[in-house]
Amino acid sequence: MSLVIDIHVLHAYPLSNLNRDEFGSPKIAVLGGVERTRISSACQKRGCRINTESVLGDRALRTRRIPEKVAAELRARGWDEKEALDAGQAIALSAPFSGLKLADAGTTNVMLFVPESVIADLADLAAAHRELLAPAAELARAQADAADKTKPKGKAKAPDLDKDTKAKIAELRDTIRAVLCRRNGSIAAFGRMLANTPEATVDGSIAVAHATTTHAGEKQPDFFTAVDDIPGSDNGSAHMGQHAHASGTFYRYATINVDELVRNLDNDQAMAREIIHAFLTEFACHVPTAKKNSTAPFTPPALVHMVVRADQPMNLSGAFEAPVTADDTSGWTAPSITALDRHAAAVNSFLGDEHLRAAAHSGTADLTQVTALGTHIPRLNTLVSTITDTALAPAGQQ
């Protein structure tokens with residue numbers, strides 16, 4: 001049993017292409033036997049993470065370009081280009097993580113997720129241990145080659161080092177490991193996984209579902225031309241093409257494991273409060289930014305429903321397993337609100353309310369007929385604060 005916050009959002013997006021597939025069309029999913037428009041969980045999660053970090057003022061970097069970033073930091077400190085690049089690559093290569101190597105482009109072969117402050121700390125290590133960087137990188141290459149059973153020939157040879165140098169390199173590599181394993185609020189919230197490296201792995205406390213339309217979706221082609229401001233004798237367009245767009249009311253869902261977040265933050269309640277408040281606010285109104293300049297899809301949510309539970313997360317997408325239908329006056333949003341309200345009532349009746357700590361809702365739609373989504377709190381910031389306060393209240397006061 002864990003204390004969790006569930007956030008359910010019904011959000012009507014206008015004609016847009018918020019999350020594209022490999023052909024440039026809106027992503028789709030088949031649910032309830034019909035095709036729906038979809039926004040992937042990864043798309044939503046990254047956008048929410050970046051904006052939440054901006055509110056917190058503490059960025060994390062998910063990147064393969066740690067060597068490049070460290071080199072840039074060293075160049076800013078006066079190192080020449082080659083020495084800085086060699087040092088950045090040596091620092092990354094020396095991290096004692098199983099399977100970590102440098103790709104041909106000089107990036108790491110896997111994505112690392114670290115606090116942005118780590119870059120300066122790695123540059124400090126490079127400057128403090130300049131004479132150890134080359135042998136440390138050479139030793140790391142030899143050890144990686146020895147462990148690679150797919151590379152029987154041409155393995156790098158370990159450098160001939162004295163005992164004292166080996167000890168210093170081991171200490172340096174342990175320090176690099178500790179720096180790269182560091183976490184901040186964003187990593188505590190969204191998690192980090194590095195294969196074969198359990199000490200760097202953090203189980204994320206925030207889970208985000210794929211968003212789908214509550215109704216059957218249909219792609220709509222958009223034929224366009226680009227007009228040349230200096231026309232020629234042919235009077236034709238400078239460019240023409242066709243893009244696919246879609247519109248609809250989406251059900252979006254995310255959940256925060258409050259207990260896990262607090263554990264990941266070493267019981268820093270103040271930081272947990274900041275993260276929860278920032279994420280809930282961001283997720284409630286989130287609009288993916290794909291093709292934003294050509295569609296301007298910046299609509300507010302129709303309904304935001306938040307719940308604090310002391311048992312388990314509860315995704316309410318079952319409300320839309322049978323697609324809602326619209327007539328020429330209702331649109332999709334009103335029947336979607338009705339479907340969610342009825343499903344929430346059924347879930348509450350089925351599970352009981354002994355584990356329900358709080359439930360409330362807000363939004364821009366007409367919510368006067370809502371009966372099962374808790375207290376109506378008109379202002380989003382007040383709703384988020386109420387839910388956050390309840391979730392972080394001492395046991396017995398929730």
# chains A, B, ... in the order shown; residues from 1 in each chain; ligands from 1
$ closest_atom_pairs --of "stretch 161-215 of chain A" --to "stretch 44-54 of chain A" --cutoff "8 Å" --atoms "only C-alpha atoms" --output "tab-separated table"
residue	atom	partner	partner_atom	distance
A:Ser186	CA	A:Glu53	CA	6.6
A:Phe190	CA	A:Arg49	CA	7.6
A:Val208	CA	A:Lys45	CA	6.5
$ residues_around --residues "A:Arg379" --least-positions-apart "3" --cutoff "8 Å" --atoms "only C-alpha atoms" --output "PyMOL selection string"
chain A and resi 362+382-383
$ write_last_selection --atoms "all heavy atoms" --output "PDB file, in the first residue's frame"
ATOM      1  N   SER A 362     -11.695  20.527 -11.103  1.00  0.00           N
ATOM      2  CA  SER A 362     -11.802  21.885 -11.606  1.00  0.00           C
ATOM      3  C   SER A 362     -11.802  21.802 -13.125  1.00  0.00           C
ATOM      4  O   SER A 362     -11.751  20.714 -13.697  1.00  0.00           O
ATOM      5  CB  SER A 362     -10.626  22.734 -11.106  1.00  0.00           C
ATOM      6  OG  SER A 362     -10.822  24.096 -11.427  1.00  0.00           O
ATOM      7  N   THR A 382      -5.426  26.514  -6.351  1.00  0.00           N
ATOM      8  CA  THR A 382      -6.014  26.097  -5.071  1.00  0.00           C
ATOM      9  C   THR A 382      -6.250  24.592  -5.060  1.00  0.00           C
ATOM     10  O   THR A 382      -6.014  23.919  -4.042  1.00  0.00           O
ATOM     11  CB  THR A 382      -7.334  26.843  -4.816  1.00  0.00           C
ATOM     12  OG1 THR A 382      -7.115  28.249  -4.929  1.00  0.00           O
ATOM     13  CG2 THR A 382      -7.877  26.534  -3.435  1.00  0.00           C
ATOM     14  N   LEU A 383      -6.711  24.062  -6.167  1.00  0.00           N
ATOM     15  CA  LEU A 383      -6.896  22.613  -6.273  1.00  0.00           C
ATOM     16  C   LEU A 383      -5.578  21.878  -6.057  1.00  0.00           C
ATOM     17  O   LEU A 383      -5.497  20.925  -5.270  1.00  0.00           O
ATOM     18  CB  LEU A 383      -7.467  22.271  -7.661  1.00  0.00           C
ATOM     19  CG  LEU A 383      -7.520  20.788  -8.048  1.00  0.00           C
ATOM     20  CD1 LEU A 383      -8.434  20.009  -7.119  1.00  0.00           C
ATOM     21  CD2 LEU A 383      -7.965  20.643  -9.505  1.00  0.00           C
TER      22      LEU A 383
END
$ residues_around --residues "A:Asn257" --least-positions-apart "4" --cutoff "9 Å" --atoms "only C-alpha atoms" --output "short mmCIF file (atom, residue, chain, number, x, y, z; two decimals) with N, CA and C atoms, in the first residue's frame"
data_model
loop_
_atom_site.label_atom_id
_atom_site.label_comp_id
_atom_site.auth_asym_id
_atom_site.auth_seq_id
_atom_site.Cartn_x
_atom_site.Cartn_y
_atom_site.Cartn_z
N SER A 2 0.60 2.15 -0.90
CA SER A 2 1.35 3.40 -1.00
C SER A 2 0.38 4.56 -1.10
N LEU A 3 0.84 5.71 -0.66
CA LEU A 3 0.06 6.93 -0.83
C LEU A 3 0.34 7.48 -2.22
N VAL A 4 -0.71 7.68 -3.01
CA VAL A 4 -0.53 8.14 -4.38
C VAL A 4 -1.46 9.30 -4.68
N ILE A 5 -1.06 10.10 -5.67
CA ILE A 5 -1.92 11.15 -6.22
C ILE A 5 -2.20 10.78 -7.67
N ASP A 6 -3.47 10.66 -8.02
CA ASP A 6 -3.87 10.44 -9.41
C ASP A 6 -4.38 11.75 -9.99
N GLY A 204 11.42 5.70 -10.76
CA GLY A 204 10.67 6.94 -10.86
C GLY A 204 9.39 6.90 -10.03
N SER A 205 9.05 8.01 -9.44
CA SER A 205 7.83 8.09 -8.63
C SER A 205 6.65 8.64 -9.41
N ILE A 206 6.90 9.08 -10.65
CA ILE A 206 5.83 9.59 -11.50
C ILE A 206 5.64 8.65 -12.69
N ALA A 207 4.42 8.23 -12.92
CA ALA A 207 4.08 7.40 -14.07
C ALA A 207 3.06 8.15 -14.93
N LEU A 261 8.49 9.08 -3.85
CA LEU A 261 9.13 10.37 -4.10
C LEU A 261 9.86 10.86 -2.86
N VAL A 262 9.21 10.78 -1.71
CA VAL A 262 9.85 11.24 -0.47
C VAL A 262 11.08 10.39 -0.16
N GLN A 312 -3.61 2.27 -4.06
CA GLN A 312 -2.92 2.05 -5.32
C GLN A 312 -3.40 3.06 -6.35
N PRO A 313 -2.63 3.27 -7.43
CA PRO A 313 -3.09 4.16 -8.49
C PRO A 313 -4.34 3.59 -9.16
#
$ closest_residue --among "A:Ala246, A:Ala127, A:Leu194, A:Leu100" --to "A:Thr212" --atoms "only C-alpha atoms"
A:Ala246
$ closest_residue --among "A:Thr214, A:Thr325, A:Thr295, A:Thr63" --to "A:Ala244" --atoms "only C-alpha atoms"
A:Thr295
$ atom_distance --atom1 "atom CA of A:Ile169" --atom2 "atom CA of A:Asp121"
17.0 Å
$ atom_distance --atom1 "atom CA of A:Arg263" --atom2 "atom CA of A:Ala189"
10.4 Å
$ select_by_dssp --residues "stretch 135-276 of chain A" --states "strand (DSSP E)" --output "PDB file with C-alpha atoms, in the first residue's frame"
ATOM      1  CA  ILE A 206       5.827   9.586 -11.504  1.00  0.00           C
ATOM      2  CA  ALA A 207       4.084   7.402 -14.073  1.00  0.00           C
ATOM      3  CA  VAL A 208       2.372   8.813 -17.171  1.00  0.00           C
ATOM      4  CA  ALA A 211      -3.238   9.804 -23.877  1.00  0.00           C
ATOM      5  CA  THR A 212      -5.964   8.807 -26.314  1.00  0.00           C
ATOM      6  CA  THR A 213      -9.079  10.469 -27.609  1.00  0.00           C
ATOM      7  CA  GLN A 220      -7.568  15.103 -41.620  1.00  0.00           C
ATOM      8  CA  PRO A 221      -5.339  15.994 -44.583  1.00  0.00           C
ATOM      9  CA  ASP A 222      -4.172  19.556 -44.987  1.00  0.00           C
ATOM     10  CA  PHE A 223      -2.998  20.522 -48.469  1.00  0.00           C
ATOM     11  CA  PHE A 224      -0.808  23.614 -48.345  1.00  0.00           C
ATOM     12  CA  THR A 225       1.176  25.872 -50.626  1.00  0.00           C
ATOM     13  CA  ALA A 226       3.947  28.320 -49.851  1.00  0.00           C
ATOM     14  CA  HIS A 239       6.354  24.843 -52.515  1.00  0.00           C
ATOM     15  CA  MET A 240       3.345  22.624 -51.901  1.00  0.00           C
ATOM     16  CA  GLY A 241       2.604  19.526 -49.870  1.00  0.00           C
ATOM     17  CA  GLN A 242       0.202  17.754 -47.559  1.00  0.00           C
ATOM     18  CA  HIS A 243       0.252  17.228 -43.796  1.00  0.00           C
ATOM     19  CA  ALA A 244      -2.066  15.169 -41.619  1.00  0.00           C
ATOM     20  CA  HIS A 245      -3.749  16.671 -38.553  1.00  0.00           C
ATOM     21  CA  ALA A 246      -6.302  15.553 -35.999  1.00  0.00           C
ATOM     22  CA  SER A 247      -8.497  17.068 -33.314  1.00  0.00           C
ATOM     23  CA  GLY A 248     -10.404  15.685 -30.368  1.00  0.00           C
ATOM     24  CA  THR A 249     -10.941  15.370 -26.641  1.00  0.00           C
ATOM     25  CA  PHE A 250      -8.163  13.404 -24.951  1.00  0.00           C
ATOM     26  CA  TYR A 251      -8.133  11.555 -21.647  1.00  0.00           C
ATOM     27  CA  ARG A 252      -4.750  12.092 -19.988  1.00  0.00           C
ATOM     28  CA  TYR A 253      -3.637  10.358 -16.788  1.00  0.00           C
ATOM     29  CA  ALA A 254      -0.604  10.433 -14.512  1.00  0.00           C
ATOM     30  CA  THR A 255       0.109   9.279 -10.990  1.00  0.00           C
ATOM     31  CA  ILE A 256       2.651  10.219  -8.325  1.00  0.00           C
ATOM     32  CA  ASN A 257       3.784   7.680  -5.754  1.00  0.00           C
TER      33      ASN A 257
END
$ select_by_dssp --residues "stretch 27-115 of chain A" --states "helix (DSSP H, G or I)" --output "PyMOL selection string"
chain A and resi 41-56+66-76+81-93
$ residues_around --residues "stretch 66-68 of chain A" --least-positions-apart "2" --cutoff "8 Å" --atoms "only C-alpha atoms" --output "list in words"
Thr63, Arg64, Val70, Ala71, Ala72, Leu85, Ala87, Gly88, Gln89, Ala90, Ile91, Ala92, Gly106, Thr107, Thr108, Leu112 and Ile119 of chain A
$ write_last_selection --atoms "N, CA, C and O atoms" --output "mmCIF file, in the first residue's frame"
data_model
loop_
_atom_site.group_PDB
_atom_site.id
_atom_site.type_symbol
_atom_site.label_atom_id
_atom_site.label_comp_id
_atom_site.auth_asym_id
_atom_site.auth_seq_id
_atom_site.Cartn_x
_atom_site.Cartn_y
_atom_site.Cartn_z
ATOM 1 N N THR A 63 21.273 12.684 -21.742
ATOM 2 C CA THR A 63 22.101 12.940 -22.910
ATOM 3 C C THR A 63 23.190 11.887 -23.095
ATOM 4 O O THR A 63 23.574 11.201 -22.149
ATOM 5 N N ARG A 64 23.674 11.794 -24.320
ATOM 6 C CA ARG A 64 24.872 11.006 -24.621
ATOM 7 C C ARG A 64 26.087 11.927 -24.770
ATOM 8 O O ARG A 64 27.179 11.453 -25.067
ATOM 9 N N VAL A 70 31.507 18.397 -20.930
ATOM 10 C CA VAL A 70 32.672 18.578 -20.049
ATOM 11 C C VAL A 70 33.781 19.293 -20.807
ATOM 12 O O VAL A 70 34.447 20.196 -20.277
ATOM 13 N N ALA A 71 33.990 18.919 -22.081
ATOM 14 C CA ALA A 71 35.015 19.574 -22.898
ATOM 15 C C ALA A 71 34.716 21.063 -23.049
ATOM 16 O O ALA A 71 35.622 21.908 -22.963
ATOM 17 N N ALA A 72 33.455 21.409 -23.263
ATOM 18 C CA ALA A 72 33.081 22.820 -23.401
ATOM 19 C C ALA A 72 33.364 23.585 -22.111
ATOM 20 O O ALA A 72 33.831 24.739 -22.141
ATOM 21 N N LEU A 85 38.710 18.082 -25.240
ATOM 22 C CA LEU A 85 37.916 16.975 -25.773
ATOM 23 C C LEU A 85 38.427 15.633 -25.266
ATOM 24 O O LEU A 85 37.645 14.765 -24.866
ATOM 25 N N ALA A 87 40.007 15.093 -22.502
ATOM 26 C CA ALA A 87 39.697 15.003 -21.077
ATOM 27 C C ALA A 87 38.234 14.665 -20.863
ATOM 28 O O ALA A 87 37.883 13.830 -20.011
ATOM 29 N N GLY A 88 37.340 15.303 -21.627
ATOM 30 C CA GLY A 88 35.912 15.015 -21.502
ATOM 31 C C GLY A 88 35.605 13.567 -21.815
ATOM 32 O O GLY A 88 34.819 12.912 -21.111
ATOM 33 N N GLN A 89 36.211 13.039 -22.870
ATOM 34 C CA GLN A 89 35.989 11.645 -23.233
ATOM 35 C C GLN A 89 36.604 10.698 -22.205
ATOM 36 O O GLN A 89 36.018 9.668 -21.872
ATOM 37 N N ALA A 90 37.777 11.045 -21.692
ATOM 38 C CA ALA A 90 38.434 10.197 -20.697
ATOM 39 C C ALA A 90 37.623 10.121 -19.408
ATOM 40 O O ALA A 90 37.489 9.043 -18.811
ATOM 41 N N ILE A 91 37.070 11.243 -18.984
ATOM 42 C CA ILE A 91 36.257 11.268 -17.766
ATOM 43 C C ILE A 91 35.040 10.367 -17.919
ATOM 44 O O ILE A 91 34.707 9.560 -17.036
ATOM 45 N N ALA A 92 34.349 10.489 -19.065
ATOM 46 C CA ALA A 92 33.154 9.671 -19.287
ATOM 47 C C ALA A 92 33.515 8.193 -19.408
ATOM 48 O O ALA A 92 32.841 7.332 -18.838
ATOM 49 N N GLY A 106 32.149 10.080 -30.460
ATOM 50 C CA GLY A 106 32.699 10.639 -29.233
ATOM 51 C C GLY A 106 31.687 10.808 -28.131
ATOM 52 O O GLY A 106 32.004 11.308 -27.048
ATOM 53 N N THR A 107 30.446 10.395 -28.393
ATOM 54 C CA THR A 107 29.422 10.407 -27.358
ATOM 55 C C THR A 107 29.454 9.091 -26.598
ATOM 56 O O THR A 107 30.096 8.127 -27.031
ATOM 57 N N THR A 108 28.768 9.022 -25.472
ATOM 58 C CA THR A 108 28.632 7.739 -24.793
ATOM 59 C C THR A 108 27.646 6.873 -25.576
ATOM 60 O O THR A 108 26.784 7.377 -26.291
ATOM 61 N N LEU A 112 22.821 9.040 -20.492
ATOM 62 C CA LEU A 112 22.987 9.230 -19.057
ATOM 63 C C LEU A 112 22.024 10.330 -18.620
ATOM 64 O O LEU A 112 21.727 11.246 -19.381
ATOM 65 N N ILE A 119 28.179 18.512 -14.667
ATOM 66 C CA ILE A 119 29.153 18.862 -15.700
ATOM 67 C C ILE A 119 30.331 19.623 -15.100
ATOM 68 O O ILE A 119 31.499 19.303 -15.359
#
$ closest_residue --among "A:Leu93, A:Leu61, A:Ala136, A:Val308" --to "A:Ser117" --atoms "only C-alpha atoms"
A:Leu61
$ decode --residues "stretch 99-113 of chain A" --atoms "all heavy atoms" --output "PDB file, in the first residue's frame"
ATOM      1  N   GLY A  99      29.382  -1.857 -19.399  1.00  0.00           N
ATOM      2  CA  GLY A  99      28.893  -1.655 -20.756  1.00  0.00           C
ATOM      3  C   GLY A  99      29.016  -0.241 -21.282  1.00  0.00           C
ATOM      4  O   GLY A  99      28.710   0.015 -22.453  1.00  0.00           O
ATOM      5  N   LEU A 100      29.455   0.712 -20.462  1.00  0.00           N
ATOM      6  CA  LEU A 100      29.578   2.096 -20.910  1.00  0.00           C
ATOM      7  C   LEU A 100      30.822   2.245 -21.787  1.00  0.00           C
ATOM      8  O   LEU A 100      31.930   1.915 -21.377  1.00  0.00           O
ATOM      9  CB  LEU A 100      29.659   3.040 -19.716  1.00  0.00           C
ATOM     10  CG  LEU A 100      29.774   4.539 -20.043  1.00  0.00           C
ATOM     11  CD1 LEU A 100      28.509   5.020 -20.746  1.00  0.00           C
ATOM     12  CD2 LEU A 100      30.032   5.352 -18.793  1.00  0.00           C
ATOM     13  N   LYS A 101      30.622   2.750 -23.013  1.00  0.00           N
ATOM     14  CA  LYS A 101      31.723   2.950 -23.946  1.00  0.00           C
ATOM     15  C   LYS A 101      31.522   4.283 -24.661  1.00  0.00           C
ATOM     16  O   LYS A 101      30.495   4.946 -24.495  1.00  0.00           O
ATOM     17  CB  LYS A 101      31.755   1.825 -24.995  1.00  0.00           C
ATOM     18  CG  LYS A 101      31.933   0.429 -24.436  1.00  0.00           C
ATOM     19  CD  LYS A 101      31.880  -0.589 -25.557  1.00  0.00           C
ATOM     20  CE  LYS A 101      31.966  -2.008 -25.034  1.00  0.00           C
ATOM     21  NZ  LYS A 101      31.857  -3.006 -26.140  1.00  0.00           N
ATOM     22  N   LEU A 102      32.524   4.630 -25.477  1.00  0.00           N
ATOM     23  CA  LEU A 102      32.390   5.793 -26.335  1.00  0.00           C
ATOM     24  C   LEU A 102      32.008   5.337 -27.733  1.00  0.00           C
ATOM     25  O   LEU A 102      32.596   4.391 -28.269  1.00  0.00           O
ATOM     26  CB  LEU A 102      33.695   6.587 -26.393  1.00  0.00           C
ATOM     27  CG  LEU A 102      34.098   7.365 -25.142  1.00  0.00           C
ATOM     28  CD1 LEU A 102      35.397   8.110 -25.388  1.00  0.00           C
ATOM     29  CD2 LEU A 102      33.010   8.339 -24.718  1.00  0.00           C
ATOM     30  N   ALA A 103      31.019   5.993 -28.323  1.00  0.00           N
ATOM     31  CA  ALA A 103      30.639   5.718 -29.706  1.00  0.00           C
ATOM     32  C   ALA A 103      31.624   6.411 -30.634  1.00  0.00           C
ATOM     33  O   ALA A 103      32.467   7.215 -30.214  1.00  0.00           O
ATOM     34  CB  ALA A 103      29.212   6.199 -29.954  1.00  0.00           C
ATOM     35  N   ASP A 104      31.516   6.097 -31.922  1.00  0.00           N
ATOM     36  CA  ASP A 104      32.446   6.668 -32.904  1.00  0.00           C
ATOM     37  C   ASP A 104      32.395   8.190 -32.928  1.00  0.00           C
ATOM     38  O   ASP A 104      33.396   8.852 -33.211  1.00  0.00           O
ATOM     39  CB  ASP A 104      32.134   6.122 -34.306  1.00  0.00           C
ATOM     40  CG  ASP A 104      32.444   4.639 -34.433  1.00  0.00           C
ATOM     41  OD1 ASP A 104      33.232   4.133 -33.603  1.00  0.00           O
ATOM     42  OD2 ASP A 104      31.905   3.986 -35.348  1.00  0.00           O
ATOM     43  N   ALA A 105      31.224   8.746 -32.628  1.00  0.00           N
ATOM     44  CA  ALA A 105      31.075  10.204 -32.658  1.00  0.00           C
ATOM     45  C   ALA A 105      31.630  10.877 -31.405  1.00  0.00           C
ATOM     46  O   ALA A 105      31.592  12.102 -31.290  1.00  0.00           O
ATOM     47  CB  ALA A 105      29.609  10.572 -32.822  1.00  0.00           C
ATOM     48  N   GLY A 106      32.149  10.080 -30.460  1.00  0.00           N
ATOM     49  CA  GLY A 106      32.699  10.639 -29.233  1.00  0.00           C
ATOM     50  C   GLY A 106      31.687  10.808 -28.131  1.00  0.00           C
ATOM     51  O   GLY A 106      32.004  11.308 -27.048  1.00  0.00           O
ATOM     52  N   THR A 107      30.446  10.395 -28.393  1.00  0.00           N
ATOM     53  CA  THR A 107      29.422  10.407 -27.358  1.00  0.00           C
ATOM     54  C   THR A 107      29.454   9.091 -26.598  1.00  0.00           C
ATOM     55  O   THR A 107      30.096   8.127 -27.031  1.00  0.00           O
ATOM     56  CB  THR A 107      28.031  10.594 -27.988  1.00  0.00           C
ATOM     57  OG1 THR A 107      27.775   9.480 -28.864  1.00  0.00           O
ATOM     58  CG2 THR A 107      27.955  11.883 -28.780  1.00  0.00           C
ATOM     59  N   THR A 108      28.768   9.022 -25.472  1.00  0.00           N
ATOM     60  CA  THR A 108      28.632   7.739 -24.793  1.00  0.00           C
ATOM     61  C   THR A 108      27.646   6.873 -25.576  1.00  0.00           C
ATOM     62  O   THR A 108      26.784   7.377 -26.291  1.00  0.00           O
ATOM     63  CB  THR A 108      28.135   7.919 -23.351  1.00  0.00           C
ATOM     64  OG1 THR A 108      26.903   8.652 -23.354  1.00  0.00           O
ATOM     65  CG2 THR A 108      29.171   8.666 -22.510  1.00  0.00           C
ATOM     66  N   ASN A 109      27.802   5.556 -25.451  1.00  0.00           N
ATOM     67  CA  ASN A 109      26.940   4.644 -26.217  1.00  0.00           C
ATOM     68  C   ASN A 109      25.542   4.518 -25.622  1.00  0.00           C
ATOM     69  O   ASN A 109      24.654   3.942 -26.242  1.00  0.00           O
ATOM     70  CB  ASN A 109      27.596   3.261 -26.319  1.00  0.00           C
ATOM     71  CG  ASN A 109      27.795   2.610 -24.968  1.00  0.00           C
ATOM     72  OD1 ASN A 109      28.028   3.291 -23.975  1.00  0.00           O
ATOM     73  ND2 ASN A 109      27.715   1.298 -24.908  1.00  0.00           N
ATOM     74  N   VAL A 110      25.336   5.045 -24.418  1.00  0.00           N
ATOM     75  CA  VAL A 110      24.021   5.034 -23.781  1.00  0.00           C
ATOM     76  C   VAL A 110      23.718   6.436 -23.266  1.00  0.00           C
ATOM     77  O   VAL A 110      24.612   7.252 -23.053  1.00  0.00           O
ATOM     78  CB  VAL A 110      23.950   4.028 -22.614  1.00  0.00           C
ATOM     79  CG1 VAL A 110      24.128   2.611 -23.108  1.00  0.00           C
ATOM     80  CG2 VAL A 110      24.985   4.357 -21.537  1.00  0.00           C
ATOM     81  N   MET A 111      22.423   6.698 -23.066  1.00  0.00           N
ATOM     82  CA  MET A 111      22.007   7.979 -22.493  1.00  0.00           C
ATOM     83  C   MET A 111      22.265   7.966 -20.987  1.00  0.00           C
ATOM     84  O   MET A 111      21.958   6.985 -20.298  1.00  0.00           O
ATOM     85  CB  MET A 111      20.517   8.197 -22.734  1.00  0.00           C
ATOM     86  CG  MET A 111      20.130   8.270 -24.204  1.00  0.00           C
ATOM     87  SD  MET A 111      20.227   9.938 -24.849  1.00  0.00           S
ATOM     88  CE  MET A 111      18.595  10.545 -24.433  1.00  0.00           C
ATOM     89  N   LEU A 112      22.821   9.040 -20.492  1.00  0.00           N
ATOM     90  CA  LEU A 112      22.987   9.230 -19.057  1.00  0.00           C
ATOM     91  C   LEU A 112      22.024  10.330 -18.620  1.00  0.00           C
ATOM     92  O   LEU A 112      21.727  11.246 -19.381  1.00  0.00           O
ATOM     93  CB  LEU A 112      24.425   9.621 -18.721  1.00  0.00           C
ATOM     94  CG  LEU A 112      25.502   8.588 -19.103  1.00  0.00           C
ATOM     95  CD1 LEU A 112      26.896   9.170 -18.876  1.00  0.00           C
ATOM     96  CD2 LEU A 112      25.338   7.309 -18.320  1.00  0.00           C
ATOM     97  N   PHE A 113      21.531  10.230 -17.402  1.00  0.00           N
ATOM     98  CA  PHE A 113      20.581  11.202 -16.865  1.00  0.00           C
ATOM     99  C   PHE A 113      21.168  11.731 -15.565  1.00  0.00           C
ATOM    100  O   PHE A 113      21.236  11.007 -14.558  1.00  0.00           O
ATOM    101  CB  PHE A 113      19.232  10.528 -16.642  1.00  0.00           C
ATOM    102  CG  PHE A 113      18.097  11.477 -16.332  1.00  0.00           C
ATOM    103  CD1 PHE A 113      18.103  12.802 -16.754  1.00  0.00           C
ATOM    104  CD2 PHE A 113      16.992  11.034 -15.615  1.00  0.00           C
ATOM    105  CE1 PHE A 113      17.052  13.654 -16.471  1.00  0.00           C
ATOM    106  CE2 PHE A 113      15.935  11.870 -15.320  1.00  0.00           C
ATOM    107  CZ  PHE A 113      15.965  13.188 -15.754  1.00  0.00           C
TER     108      PHE A 113
END
